[in-house]
Structure formats: structure tokens, C-alpha cells
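*Asks:* Take this structure, written in C-alpha cells, and hold onto it; I'll ask about it next.
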Amino acid sequence: MKIKTDEIASIIKQEIEQYSADLEVSEVGRVVEVGDGIARVYGLSNAMAGELVEFETSEGSVMGQVMNLETDTVGAVIYGDYLAVKEGDLVKSTSRLLEVPVGEQMLGRVVDPLGKPLDAGPALNATETRKVDIIAPGIAERQPVTEPLQTGIKAIDAMIPIGRGQRELIIGDRKTGKTAVAVDTIINQKQYWGTEEAVVCIYVAVGQKESTVAGVVETLKENGAMDYTIVVNAASSDPAPMQYVAPYSGCAMGEYFMWSGKGGQGTMADGKPMPKHALLVYDDLSKQAVAYRQLSLLLRRPPGREAYPGDVFYLHSRLLERATKLSDDNGGGSLTALPVIETQEGDVSAYIPTNVISITDGQIYLEPELFFSGVRPAINVGISVSRVGGNAQIKAMKKIAGSLRLDLAAYRELEAFAQLGTELDKATQAQLDRGARMVELLKQPQYVPQEVVDQVISIYAGTKGFLDQVEIKDVPQFEADMLKYFQTVGKPVRDELASKKALDDDLTSSLEKALNEFKSGWKPEG
């Protein structure tokens, strides 16, 4: 049988095409040295900074990332089980950057920084991924922060308001209630879930004890907040590379929702509108800085002030700069960041605290003295500040909160003066009494966030003197009974305030009348 020449040519051509399709070219190197989550690799001469590499070990493949480019070797961090990587193991370059799975399948789950489930739930079949470390959106892609992000905590929403797209630092010594403020804020977003204003919350735990994170997850479940929350956990027992990358992974998961408004807000699998607002809690960044210091020193990078490498500022600035309120052309989504920093003995002027204070748009300072004296949340109103301010408040709150901060500042000054035991005139004594009642009014139990309408009613009653004749010990009961009254008899006034979100003359007189009616019939228990 004769085969024609053109047939032979086509068969050879086909074979060549198939061969080239099956051929995989990748640059490989060998592990020269390994330990503490760091590997030094020889032979990857074309490796790029930040490139993902694959370690082929006897127990399967482990991913890593190039961090240092040196003359003969590259320094790489290992994500995952670094004990499986041995000297002499093969390392492949991938020409890719680190990515994590994103999407609505992540909601309600506890995952590690690489997006692998840590809970007992089913496997995650996320169809989309996002790059972990990206350049933040530029000025042209943003707009000023104007929408409030309600925390449900009276002292914060009134005096240190947070807007959607803001970065507000929570700072204080250990055990002063930093995580409690963040968890309350997450729980408070439940009222918006399923609406166009829905907020997806991402809690990133860095270097926490497993039991602590389990407690937070349990609290969120009990309060029905896990439906819209993703927990990213890099525990204290996890290697330093995982603790270093966790905040960036959480940020990438949040950015998916922030950009989901571009091109029209879609719907989720259950038919609810796709959230385009996200809230990120980084708990806490001082532990991430410690993990990064460990990596840097092992990679032989020179330490500077307080033994941290010089680029530790860049570590946090490139993370927090990704929190933003997008322009309307980009869908108007937002990413709000609440980084947490732990201070030692209240030293806010240390290296890492000053770094993060200078990156953020304000800070909430929690003071141990206030915490132990029973003022909880233990917010020091003098040092705490929001650089967005009244723009992130509803009009009603903006109108009444100005006098509250002044009342408290005057009270703190007079309190120090009154301790000297001097005789006080009537006006000064009245100011002291009102200040003491306002401090009592701003106390709030954990995991009981308040709706903004109720906050406005409480603060209005306090600043306008409705509590002046109430005994200090009876203030919590007065407030609880008053809010109950506005849920029943005074409901029309409350509903009007909820719809207007502003206090005009008519509404103010209705509110005054309702408060007078309630006060005339109120009696303290016992």
C-alpha cells in the first residue's frame, strides 16, 4: 500500500502538534538549606520577587513564595508544612503570584490563609480566585467616605464615627476589650443582611490561641452573624509565613465583594442582593509584624529600630491602603478596615503603634484604668479620634453628638478639680452630675449592639438633662425602660426618627413631649 507524501507530512505535523501540547517547560532548582518556614533554593535564576514556587517533597507538593533574590540563591517562605521540605528537594517555578479562592461560598466558613477549610464543613468549590497582594486602587477610582458604618456601640457611633471605606485603628493593652469592639461591630451588621446595604464581615485572626478564635466563632454563631462572616485563622501554632500572609488573604476575599457592584449589583445563590460592602478586622497586626520580623531576620535582612526591618511600615501601609470607598463608576462598593494593635503598658509611641496610627484615619484607644474601673467599652475619648467625623454620621446623631464630647471633656476636667475637695458652685456641681450620668449612659454590655435610632434617643435624653434627677445607679434601668417605651407607646416618634434620620423642629418637640411623658410615669425599681 502506497502512502502519499502529503499524508506523511500531515501525520508528522499532527504528531509534532500533539508533542508540543504535552510538553511542559519549567525552571527547577534544589533546596540548599531549610528551617523555620524558610528555604534557600539554588538554580532558580529567572525567579521573580513574590513568585509562587512549588516544593516537591516525599509527602506531596508544598507551596512557597520567593521573598529574597540573591546572587546564587533565592530565599523563599514556605506556606504549609515546612517540616516536609528537606534539603535537596526539587523546587519548580510557576510564573504565578499567590492567589486565594473568593466568592459567596466562603461565607460562614473558617479557613486558613490559603483558603483551605478549617471547619468541619464541605469542601470549598470556589470558582474564582484573587491575587493576595495587589496595588491599592488609585485616587481616581475612589470617592470620599460619606456613608456611616454603624458599630452599634454608643460611644463610637456618637463621638468616633466610622464610615464605609475608612481605616480605624483599635489600640490598647491586652485584655482591654479590643476584640469585643470588633465582634460587636460584626454582630451589628446583621440588621443590614439581605438588603442593598449588606456588609460582608471578614475576621482575620493572626497569632491568636485556637481556643480564643473558637470562642469568637461560637459568639458569632450564637448571634446569627456567621451567615455573612468569613473567619481567616492563622493561629499562634501556625508557621510565621501563614501569620504574615493571613491579613492579605482576608483583604483579597473582601475585595471580591467590594468590586461586585461594578457592572450592576448581582444576586447571590439564595436570591439576596450581592453585598458590595465589606468590613475587615485584622486581629491583630502587632502579631503580623512579629511574624514578618521573624521571616526577615531568617532571610538575613538587616534589622533597624526595635529590631524590625525597615520595610515593616510598607507591610502595613500596602495592606491598609486597600481599604477604600470606590467611585460610583466602579460600583460604589467599600472596604472598611479595623486593624487591632496591642500596646505594651499603654505605650502608643512605640514603633509599630506609631506606624499604624500614621497609616489609619483615626484610632479608638482603650484604656486599662477605665476598663478596670467598670467603664466598658473603655474608650478614652481624649486620645480617640475619627478623621472622617460627622461625614460618617446620620444627621440626627451629628446634631446631638457635638455637645456630648464637650460635656465629657468638661466633666473629666472638673472631676480632677473636684477631687481636691474644694467647695463647688451650683452650675459646676450640675455639670459634674450630668457628666457622671453620661459616662454611665455610655456604658454598654458586650454583644448587645444598639440600633442608631435608639442611640440617638438615649444620647438626646442624656444631653438635654432628662437624666439629671435620676440616681446614677438607676441610669441603666432608666435607659432600658425608656427604649422599651419607644418600642410601644412612643413607637410613632421612633418610626419617624428612623425614616427621617434627622431631627427637625417638629420631631424634636414630639421627642421632648414623649420623653416628658415617659419620665413623669417612671419609677426606679426597689
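Please note that chains go A, B, ... in the order of the C-alpha cells, that every chain numbers its residues from 1, and that ligands are numbered from 1 in the order shown.
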Taking the chain letters and numbering used in this document, name the residues of range 96-332 of chain A that DSSP puts in strand (DSSP E), as a PyMOL selection string.

*Replies:* chain A and resi 96-97+99-102+110-111+128-131+169-172+199-206+229-234+277-283

*Asks:* DSSP on the backbone, then: every residue of range 158-315 of chain A marked alpha helix (DSSP H), written as a PyMOL selection string.

*Replies:* chain A and resi 158-159+178-188+210-222+240-258+285-298+312-315

*Asks:* What does the structure give for the distance between CA of Ala49 in chain A and CA of Leu338 in chain A, in Å to one decimal?

*Replies:* 28.9 Å

*Asks:* Restricting the calculation to only C-alpha atoms: of A:Leu280, A:Leu515, A:Ala182, A:Leu420, which residue gets closest to Ser458 in chain A?

*Replies:* A:Leu515

*Asks:* If you count only C-alpha atoms, which residues fall within 9 Å of Pro239 in chain A, apart from same-chain ones fewer than 5 positions away, as a PyMOL selection string?

*Replies:* chain A and resi 36-37+78-82+234+244+291

*Asks:* Tell me, as a VMD selection string, which residues lie within 10 Å of Met67 in chain A, counting only C-alpha atoms; anything in the same chain fewer than 3 positions away does not count.

*Replies:* chain A and resid 38 48 to 52 64 70 74 to 77 295 to 296 299

*Asks:* So, counting only C-alpha atoms, which residue among A:Pro445, A:Gly194, A:Gly35, A:Gly490 is closest to Ala378 in chain A?

*Replies:*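 Looking at the shortest contact to Ala378 in chain A, the residue is A:Pro445.
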
*Asks:* For Tyr42 in chain A, please output as a list in words all residues within 6 Å (counting only C-alpha atoms; exclusion window: fewer than 2 positions along the same chain).

*Replies:*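 Contacts, with the query itself left out: Gly29, Arg30 and Thr73 of chain A.
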
*Asks:* Report as a PyMOL selection string all protein, DNA and RNA residues lying within 10 Å of Val245 in chain A, evaluated on only C-alpha atoms, omitting residues in the same chain fewer than 6 positions from it.

*Replies:* chain A and resi 79+98+113-114+132-133+206+234+288+291-292
